[in-house]
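Heads up, coords14.cif below (mmCIF, C-alpha atoms and all ligand atoms):
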data_start
#
loop_
_atom_site.label_atom_id
_atom_site.label_comp_id
_atom_site.auth_asym_id
_atom_site.auth_seq_id
_atom_site.Cartn_x
_atom_site.Cartn_y
_atom_site.Cartn_z
CA MET Q 1 0.00 0.00 0.00
CA THR Q 2 1.33 3.39 -0.90
CA ALA Q 3 0.26 6.89 -0.11
CA ARG Q 4 -0.26 7.47 -3.82
CA SER Q 5 -2.85 4.66 -4.14
CA LEU Q 6 -4.81 6.16 -1.25
CA ASP Q 7 -4.58 9.64 -2.63
CA SER Q 8 -5.82 8.92 -6.15
CA LYS Q 9 -9.48 8.51 -5.16
CA GLU Q 10 -9.36 10.80 -2.19
CA SER Q 11 -11.94 13.19 -3.55
CA LYS Q 12 -14.55 10.41 -3.59
CA THR Q 13 -14.66 10.00 0.12
CA SER Q 14 -15.74 12.55 2.65
CA ILE Q 15 -13.94 10.93 5.56
CA GLU Q 16 -11.31 13.27 6.95
CA GLY Q 17 -11.06 12.13 10.55
CA PHE Q 18 -10.23 8.65 11.83
CA ILE Q 19 -11.03 7.59 15.38
CA ILE Q 20 -8.92 4.51 16.00
CA ASP Q 21 -9.23 2.02 18.84
CA LEU Q 22 -5.99 0.60 20.29
CA ASP Q 23 -6.34 -2.83 22.00
CA GLY Q 24 -7.21 -5.43 19.37
CA THR Q 25 -7.00 -2.84 16.57
CA VAL Q 26 -3.48 -1.36 16.65
CA TYR Q 27 -1.86 -3.78 19.08
CA LYS Q 28 -2.50 -6.92 21.06
CA GLY Q 29 -0.71 -6.95 24.38
CA LYS Q 30 2.77 -5.65 23.68
CA GLN Q 31 2.70 -6.60 20.01
CA ALA Q 32 1.67 -4.31 17.14
CA ILE Q 33 -0.88 -5.90 14.82
CA GLU Q 34 0.61 -6.56 11.41
CA GLY Q 35 0.15 -3.67 8.99
CA ALA Q 36 -1.51 -1.35 11.54
CA VAL Q 37 1.44 1.01 12.05
CA GLU Q 38 1.95 1.36 8.29
CA ALA Q 39 -1.76 2.00 7.70
CA ILE Q 40 -1.76 4.82 10.26
CA ALA Q 41 1.41 6.29 8.79
CA ASP Q 42 -0.28 6.32 5.37
CA LEU Q 43 -3.34 8.12 6.72
CA LYS Q 44 -1.10 10.74 8.29
CA ARG Q 45 0.89 11.17 5.08
CA LEU Q 46 -2.40 11.93 3.32
CA GLY Q 47 -3.12 14.67 5.82
CA LYS Q 48 -5.99 12.77 7.43
CA ARG Q 49 -6.67 13.61 11.06
CA THR Q 50 -6.36 10.76 13.53
CA VAL Q 51 -7.17 10.28 17.17
CA PHE Q 52 -6.67 7.15 19.24
CA LEU Q 53 -9.65 6.40 21.45
CA SER Q 54 -9.19 3.63 23.98
CA ASN Q 55 -11.18 2.29 26.91
CA ARG Q 56 -7.93 1.66 28.73
CA GLY Q 57 -8.10 3.59 31.99
CA ASN Q 58 -5.13 2.11 33.80
CA ILE Q 59 -2.51 3.89 31.72
CA SER Q 60 -1.80 7.57 31.16
CA ARG Q 61 -1.38 9.30 27.81
CA LYS Q 62 2.37 9.52 28.42
CA MET Q 63 2.59 5.77 28.98
CA CYS Q 64 0.50 5.10 25.88
CA GLN Q 65 2.58 7.50 23.81
CA ALA Q 66 5.75 5.64 24.87
CA LYS Q 67 4.21 2.28 23.96
CA LEU Q 68 3.18 3.49 20.50
CA SER Q 69 6.57 5.07 19.98
CA GLY Q 70 8.19 1.72 20.75
CA MET Q 71 6.16 0.27 17.88
CA GLY Q 72 7.40 2.94 15.49
CA LEU Q 73 4.37 5.20 15.78
CA ASP Q 74 5.07 8.74 16.92
CA VAL Q 75 1.83 10.30 18.09
CA PRO Q 76 1.40 13.63 19.89
CA GLU Q 77 -0.19 13.35 23.32
CA GLU Q 78 -3.23 15.38 22.18
CA GLU Q 79 -4.10 12.59 19.74
CA ILE Q 80 -4.43 10.04 22.51
CA LEU Q 81 -7.71 9.84 24.41
CA LEU Q 82 -8.01 7.13 27.04
CA SER Q 83 -10.96 6.52 29.32
CA SER Q 84 -8.68 7.68 32.16
CA THR Q 85 -8.18 10.99 30.30
CA VAL Q 86 -11.90 11.52 29.72
CA THR Q 87 -12.75 10.49 33.30
CA ALA Q 88 -10.22 12.98 34.67
CA ASN Q 89 -11.59 15.72 32.39
CA PHE Q 90 -15.15 14.95 33.47
CA LEU Q 91 -14.26 15.18 37.18
CA ARG Q 92 -12.30 18.38 36.58
CA ALA Q 93 -15.27 19.94 34.78
CA TYR Q 94 -17.93 19.08 37.37
CA TYR Q 95 -16.21 18.11 40.65
CA ARG Q 96 -12.96 20.01 40.53
CA HIS Q 97 -12.56 20.29 44.30
CA SER Q 98 -13.70 16.78 45.24
CA PRO Q 99 -10.96 14.53 46.65
CA VAL Q 100 -10.69 11.35 44.61
CA TRP Q 101 -9.65 7.80 45.54
CA ALA Q 102 -8.37 5.59 42.75
CA LEU Q 103 -8.68 1.82 42.46
CA GLY Q 104 -6.42 0.95 39.55
CA ASP Q 105 -2.92 0.95 38.17
CA ALA Q 106 -0.60 3.96 38.53
CA GLY Q 107 -1.51 5.34 35.10
CA LEU Q 108 -4.96 6.35 36.34
CA ARG Q 109 -3.52 8.42 39.19
CA GLU Q 110 -1.05 10.02 36.78
CA GLU Q 111 -3.92 11.10 34.54
CA LEU Q 112 -6.05 12.38 37.46
CA LEU Q 113 -3.12 14.45 38.74
CA ALA Q 114 -2.35 15.75 35.23
CA ALA Q 115 -5.92 17.11 35.14
CA GLY Q 116 -5.26 19.01 38.38
CA LEU Q 117 -7.46 16.83 40.61
CA THR Q 118 -6.71 16.12 44.25
CA LEU Q 119 -6.16 12.56 45.42
CA ALA Q 120 -7.69 11.90 48.84
CA SER Q 121 -5.15 11.23 51.60
CA LYS Q 122 -7.25 8.38 52.99
CA PRO Q 123 -10.22 6.38 51.68
CA GLU Q 124 -12.61 7.89 54.24
CA SER Q 125 -12.10 11.43 52.92
CA ALA Q 126 -12.79 10.64 49.24
CA GLU Q 127 -15.88 12.01 47.53
CA TRP Q 128 -15.40 9.91 44.43
CA LEU Q 129 -13.97 6.45 43.90
CA VAL Q 130 -12.63 5.98 40.38
CA ILE Q 131 -12.37 2.35 39.30
CA THR Q 132 -10.24 1.07 36.45
CA LEU Q 133 -8.21 -2.03 35.62
CA HIS Q 134 -5.72 -3.00 38.31
CA GLU Q 135 -3.31 -5.64 37.11
CA THR Q 136 -1.42 -5.90 40.41
CA LEU Q 137 -4.44 -5.69 42.71
CA THR Q 138 -3.98 -6.55 46.38
CA TYR Q 139 -6.56 -7.22 49.09
CA LYS Q 140 -5.60 -3.99 50.89
CA GLU Q 141 -6.27 -1.91 47.77
CA LEU Q 142 -9.66 -3.56 47.26
CA ASN Q 143 -10.46 -3.00 50.93
CA ASP Q 144 -9.44 0.68 50.77
CA ALA Q 145 -11.78 1.18 47.82
CA PHE Q 146 -14.54 -0.60 49.74
CA ARG Q 147 -13.98 1.73 52.71
CA ALA Q 148 -14.08 4.82 50.51
CA VAL Q 149 -17.54 3.83 49.30
CA ARG Q 150 -18.71 2.82 52.80
CA SER Q 151 -17.70 6.32 53.91
CA GLY Q 152 -19.83 7.93 51.22
CA ALA Q 153 -17.69 8.13 48.07
CA ARG Q 154 -19.68 7.92 44.83
CA ILE Q 155 -18.49 5.43 42.21
CA ILE Q 156 -17.32 6.29 38.70
CA ALA Q 157 -15.66 3.76 36.36
CA THR Q 158 -13.36 4.49 33.46
CA ASN Q 159 -15.05 1.69 31.53
CA ALA Q 160 -16.95 -1.51 32.14
CA ASP Q 161 -15.34 -3.89 29.67
CA LYS Q 162 -15.46 -7.51 30.77
CA THR Q 163 -12.25 -8.65 29.07
CA PHE Q 164 -9.30 -7.29 27.14
CA PRO Q 165 -6.97 -9.18 24.80
CA GLY Q 166 -3.80 -9.85 26.80
CA ASP Q 167 -0.48 -11.28 25.69
CA ASP Q 168 -1.63 -14.80 26.52
CA GLY Q 169 -5.35 -14.59 25.79
CA ASP Q 170 -8.46 -12.84 27.10
CA SER Q 171 -8.00 -11.35 30.55
CA ILE Q 172 -10.41 -10.00 33.18
CA ASP Q 173 -11.04 -6.27 32.78
CA VAL Q 174 -12.65 -3.46 34.79
CA ALA Q 175 -16.02 -5.23 35.11
CA GLY Q 176 -14.32 -7.57 37.57
CA MET Q 177 -13.01 -4.70 39.74
CA ILE Q 178 -16.46 -3.03 39.65
CA GLY Q 179 -18.15 -6.32 40.54
CA ALA Q 180 -16.10 -6.71 43.71
CA ILE Q 181 -16.90 -3.21 45.01
CA VAL Q 182 -20.57 -3.18 44.00
CA ALA Q 183 -21.21 -6.63 45.45
CA ALA Q 184 -19.57 -5.77 48.77
CA THR Q 185 -21.04 -2.27 49.25
CA GLY Q 186 -24.46 -2.62 47.63
CA LYS Q 187 -23.83 0.74 45.93
CA GLU Q 188 -24.12 1.20 42.18
CA VAL Q 189 -21.70 2.75 39.73
CA GLU Q 190 -23.07 6.20 38.94
CA LEU Q 191 -21.22 6.75 35.69
CA VAL Q 192 -19.23 4.67 33.22
CA ILE Q 193 -17.09 6.94 31.07
CA GLY Q 194 -15.67 4.63 28.39
CA LYS Q 195 -16.95 3.81 24.92
CA PRO Q 196 -19.79 3.70 23.85
CA SER Q 197 -20.52 6.81 25.97
CA SER Q 198 -21.21 10.14 24.30
CA LEU Q 199 -18.47 11.65 26.50
CA MET Q 200 -15.87 9.59 24.61
CA ALA Q 201 -17.43 10.42 21.23
CA ASP Q 202 -17.52 14.14 22.04
CA ALA Q 203 -13.90 14.09 23.21
CA ALA Q 204 -12.79 12.43 19.96
CA LEU Q 205 -14.77 14.79 17.71
CA GLN Q 206 -13.47 17.78 19.62
CA ALA Q 207 -9.89 16.57 19.20
CA LEU Q 208 -10.44 16.04 15.46
CA ARG Q 209 -12.32 19.35 15.08
CA LEU Q 210 -14.69 17.68 12.63
CA PRO Q 211 -18.43 16.94 12.55
CA PRO Q 212 -19.44 13.26 13.01
CA GLU Q 213 -20.39 12.77 9.34
CA ARG Q 214 -16.80 13.49 8.26
CA CYS Q 215 -15.37 10.83 10.60
CA LEU Q 216 -15.00 7.08 10.83
CA ILE Q 217 -14.45 5.00 13.95
CA ILE Q 218 -12.38 1.83 13.53
CA GLY Q 219 -12.33 -0.79 16.28
CA ASP Q 220 -12.58 -4.46 17.18
CA SER Q 221 -15.55 -4.27 19.55
CA LEU Q 222 -19.20 -4.21 18.54
CA ALA Q 223 -20.33 -3.20 22.03
CA SER Q 224 -17.94 -0.28 22.47
CA ASP Q 225 -16.55 0.95 19.11
CA ILE Q 226 -19.40 0.18 16.72
CA GLN Q 227 -22.08 1.15 19.22
CA LEU Q 228 -20.34 4.48 19.90
CA GLY Q 229 -20.39 5.20 16.16
CA LYS Q 230 -24.08 4.31 15.85
CA LYS Q 231 -25.03 6.53 18.78
CA ALA Q 232 -22.93 9.49 17.65
CA GLY Q 233 -23.69 9.38 13.91
CA ILE Q 234 -20.13 8.39 13.02
CA ARG Q 235 -19.54 5.76 10.34
CA THR Q 236 -18.06 2.49 11.61
CA ALA Q 237 -15.52 -0.11 10.56
CA LEU Q 238 -15.07 -3.32 12.52
CA VAL Q 239 -11.69 -5.03 12.35
CA LEU Q 240 -11.46 -8.77 12.97
CA THR Q 241 -8.10 -8.62 14.74
CA GLY Q 242 -9.64 -8.52 18.21
CA SER Q 243 -12.51 -10.17 20.00
CA VAL Q 244 -15.18 -10.51 17.28
CA SER Q 245 -15.40 -13.00 14.41
CA ARG Q 246 -16.99 -12.29 11.03
CA GLU Q 247 -19.87 -14.64 11.92
CA GLU Q 248 -20.55 -12.76 15.17
CA ALA Q 249 -20.41 -9.45 13.31
CA GLU Q 250 -22.92 -10.66 10.72
CA ALA Q 251 -25.28 -12.02 13.37
CA SER Q 252 -25.21 -8.81 15.41
CA GLU Q 253 -27.90 -6.15 15.32
CA LEU Q 254 -25.10 -3.60 15.29
CA ARG Q 255 -24.14 -3.62 11.64
CA PRO Q 256 -20.83 -1.87 11.01
CA ASP Q 257 -20.59 0.03 7.72
CA TRP Q 258 -17.50 -2.04 6.93
CA VAL Q 259 -15.98 -5.26 8.23
CA TRP Q 260 -12.24 -5.47 7.63
CA ASN Q 261 -9.78 -8.24 8.33
CA THR Q 262 -7.26 -5.74 9.68
CA LEU Q 263 -6.72 -1.99 10.00
CA GLU Q 264 -4.65 -2.28 6.83
CA ASP Q 265 -7.92 -2.60 4.88
CA VAL Q 266 -8.58 1.10 5.49
CA VAL Q 267 -6.96 1.43 2.04
CA GLN Q 268 -10.23 0.12 0.56
CA LEU Q 269 -11.86 3.42 1.38
CA HIS Q 270 -9.72 5.12 -1.18
CA THR Q 271 -9.36 2.49 -3.86
CA GLY Q 272 -12.98 1.36 -4.16
CA ALA Q 273 -14.65 4.53 -3.05
CA GLU Q 274 -17.71 4.31 -5.32
CA ASP Q 275 -18.82 0.93 -3.96
CA ILE Q 276 -18.17 2.07 -0.46
CA GLU Q 277 -20.30 5.20 -0.69
CA THR Q 278 -23.25 2.98 -1.71
CA GLU Q 279 -22.54 0.43 0.97
CA ALA Q 280 -22.28 3.08 3.64
CA GLY Q 281 -25.39 4.91 2.57
CA GLU Q 282 -27.88 2.76 4.46
MG MG U 1 -10.41 -2.81 21.22
#
Will you turn the file into structure tokens for me?
Amino acid sequence: MTARSLDSKESKTSIEGFIIDLDGTVYKGKQAIEGAVEAIADLKRLGKRTVFLSNRGNISRKMCQAKLSGMGLDVPEEEILLSSTVTANFLRAYYRHSPVWALGDAGLREELLAAGLTLASKPESAEWLVITLHETLTYKELNDAFRAVRSGARIIATNADKTFPGDDGDSIDVAGMIGAIVAATGKEVELVIGKPSSLMADAALQALRLPPERCLIIGDSLASDIQLGKKAGIRTALVLTGSVSREEAEASELRPDWVWNTLEDVVQLHTGAEDIETEAGE
């Protein structure tokens, strides 16, 4: 695939902004998915705007930027939107002075602090408990989060995904951390920030500075990526490099505009544009 082949039919497509999922779309665990880095580089060479939109809440943008850079993809921090980022921005906008307790990996705290929020000094003084994935979870940390909620903290979650594709297969995700706290406290999660929420869609569109009809979301999850697109009026492409098979995609009520084997197939948008406009026009 070359930049020239993409460029030749560029005028036939109105898609200027690409919202790209990370886990299962760009990489799996520590490994880049074949062809993904090159496909993104080609989009950038064509002057297309890109933003990476991930439900990962346990890493910060800086950590994500370093990971992508290690794969040969240099992305400015402003083009990375994680559920930790959007959660921190939400709390800053509406609860700026509320002390926050975090149940999750260090990346979440880094992102909360970067937004200027205050971390509570002890669980009992927290007004919000933020839950995300915690890959080195201990009993004490779970118990501290439990005590924060017992002392009145409201619960917000970066996302509620059940699993994520790890290096050695599907692994338990934030739903498991939420389940432990909700079951023990009897309190509900008040807000889940991650995809398919409109907060994530709005953050991506704002970063791209484009209206939804000029954008495309590409991801491996029907429930988060494709559903976000459907709710926000953004066209959708499902890639089969993550958790969903072609059969599952075809059986689903959520019909993506395109189903691609890999992110590399984004080239089809520009080489067979006439067919695609018809296909997408449903
Ligand atoms: Mg994904």
For this session: For Asp105 in chain Q, please output as a ChimeraX atom specification all residues within 9 Å (counting all atoms listed in the file; exclusion window: fewer than 2 positions along the same chain).
Result: /Q:57-59,102-103,107-109,132-137
Protein and nucleic residues near ligand MG 1 (chain U), 7 Å, only C-alpha atoms and all ligand atoms, as a compact mmCIF listing (two decimals) with C-alpha atoms, keeping the file's coordinate frame:
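See pocket26.txt below for the written result:
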# COMPACT_ATOMS: atom_id res chain seq x y z
CA ASP Q 21 -9.23 2.02 18.84
CA LEU Q 22 -5.99 0.60 20.29
CA ASP Q 23 -6.34 -2.83 22.00
CA GLY Q 24 -7.21 -5.43 19.37
CA THR Q 25 -7.00 -2.84 16.57
CA GLY Q 219 -12.33 -0.79 16.28
CA ASP Q 220 -12.58 -4.46 17.18
CA SER Q 221 -15.55 -4.27 19.55
CA GLY Q 242 -9.64 -8.52 18.21
Problem set entry | Interatomic distance, CA of Ala145 in chain Q to CA of Ser98 in chain Q (Å, one decimal) |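 Atom-to-atom, CA of Ala145 in chain Q and CA of Ser98 in chain Q are spaced 15.9 Å apart.
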For this session: Rounded to one decimal place, report the CA of Pro99 in chain Q-CA of Ala157 in chain Q distance in Å.
Result: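 Answer for the CA of Pro99 in chain Q to CA of Ala157 in chain Q separation: 15.6 Å.
CA of Ala223 in chain Q is found 18.4 Å from CA of Gly166 in chain Q.
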Exercise. Nearest to Gly194 in chain Q: which of Q:Ile181, Q:Ala237, Q:Val174, Q:Ala251 is it, counting all atoms listed in the file?
Worked result: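 The answer is Q:Val174, which sits nearest to Gly194 in chain Q.
When the distance limit is 9 Å and all atoms listed in the file are what count, the residues near Gly233 in chain Q, minus those fewer than 5 positions from it on the same chain, are Pro212, Glu213 and Leu228 of chain Q.
Nearest-residue note for Ile178 in chain Q: choosing from Q:Gly152, Q:Gly104, Q:Pro196, Q:Pro123, the minimum distance belongs to Q:Gly104, counting only C-alpha atoms.
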Exercise. In terms of the shortest atom-to-atom distance over all atoms listed in the file, which of Q:Ile156, Q:Ala207, Q:Ile131, Q:Val192 is closest to Asp144 in chain Q?
Worked result: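 Once distances to Asp144 in chain Q are computed over all atoms listed in the file, the minimum belongs to Q:Ile131.
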